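Written below as C-alpha cells is the structure these notes are about.
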Amino acid sequence: MMITVSRKAHFNAAHRLFRSDWSDDKNEAVFGKCNNPNFHGHNYELIVSVTGNIDPETGFVIDMKVLKDLIKSNIENAFDHKNLNKEVAEFKELNPTAENIAVVIWNKLRPHIDDSKKLEVTLYETPRNFVSYRGA
Ligand code: NI
C-alpha cells in the first residue's frame with residue numbers, strides 16, 4: 001500500500017531571467033518583468049511529497065522531523081534570502097525559472113531519501129503559478 005506524505009516549506013529569493021546570448025529586445029519579449037536587470041523577489045512556497053509504504057514499526061512513510069531537517073539544511077539554508085543567479089551555484093549558467101528551481105530542489109533532495117520511496121517537488125512562484133517535478 002503506497003501512501004503520500006507532504007511537508008510545506010518556504011523561502012524568499014531574488015532572481016532574473018535572461019540569456020546573455022540574446023539581445024535586450026528578445027530578453028524583454030520573452031521574460032518581461034522577470035528580465036529586470038536589478039532582479040526582483042518571490043515568496044516561494046515549496047511542497048515536498050514522499051510516497052512509499054507505511055513502516056509497520058513506526059507507522060510512518062518517512063519521519064517528518066527528518067524530512068523537515070532535510071529541507072531546511074539542503075534547500076532553505078541554500079536559497080532563503082539569496083540572489084539565485086549570483087549566490088547559488090546551480091544557477092550560474094541556468095535560468096532560475098520555477099521549472100529549473102524545482103528540478104534543482106528535487107536533485108538536491110533525492111540522494112537523501114530512500115530509493116524505495118518516490119519523491120515529488122511542487123514549487124509555487126506565485127499563489128497562482130506553480131510547477132511539479134517527480135523525476136525524469
Ligand atoms: Ni520572477
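Starting from 1 in every chain, residues are counted up; chains themselves are A, B, ... following the order of the C-alpha cells, and ligands are numbered from 1 as listed.
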Exercise. Can you tell me which residues sit at most 9 Å away from ligand 1, counting only C-alpha atoms and all ligand atoms, written as a ChimeraX atom specification?
Worked result: /A:14-17,31,33-36,39-42,96-98,125-126
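Residues of stretch 52-120 of chain A that DSSP places in alpha helix (DSSP H), based on the backbone of this structure, are Met64, Lys65, Val66, Leu67, Lys68, Asp69, Leu70, Ile71, Asn77, Ala78, Phe79, Leu84, Asn85, Lys86, Glu87, Ala98, Glu99, Asn100, Ile101, Ala102, Val103, Val104, Ile105, Trp106, Asn107, Lys108 and Leu109 of chain A.
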For this session: Could you find all residues in stretch 7-54 of chain A that DSSP calls strand (DSSP E) from the backbone, and write them as a PyMOL selection string?
Result: chain A and resi 7-15+40-53
Exercise. Do you have the atom CA of A:Ala29-atom CA of A:Lys82 distance handy?
Worked result: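 Atom CA of A:Lys82 lies 26.0 Å from atom CA of A:Ala29.
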Exercise. What lies within 10 Å of A:Asp80 using only C-alpha atoms, ignoring chain neighbours under 3 positions off, as a PyMOL selection string?
Worked result: chain A and resi 10-14+43-44+72+75-77+83-84
For this session: List the neighbours of A:Trp106 out to 9 Å using only C-alpha atoms; skip same-chain residues closer than 2 positions along the sequence, and give me the result as a PyMOL selection string.
Result: chain A and resi 48+101-104+108-110+119-121+133-135
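Nearest residue to A:Ile105 among A:His81, A:Leu46, A:Ala136, A:Asn129 is A:Leu46, counting only C-alpha atoms.
Our summary of the geometry notes that atom CA of A:Lys8 is positioned 16.3 Å from atom CA of A:Arg128.
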Problem set entry | One-decimal distance in Å that lies between atom CA of A:Asn100 and atom CA of A:Ser116 |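 Interatomic distance here is 24.9 Å.
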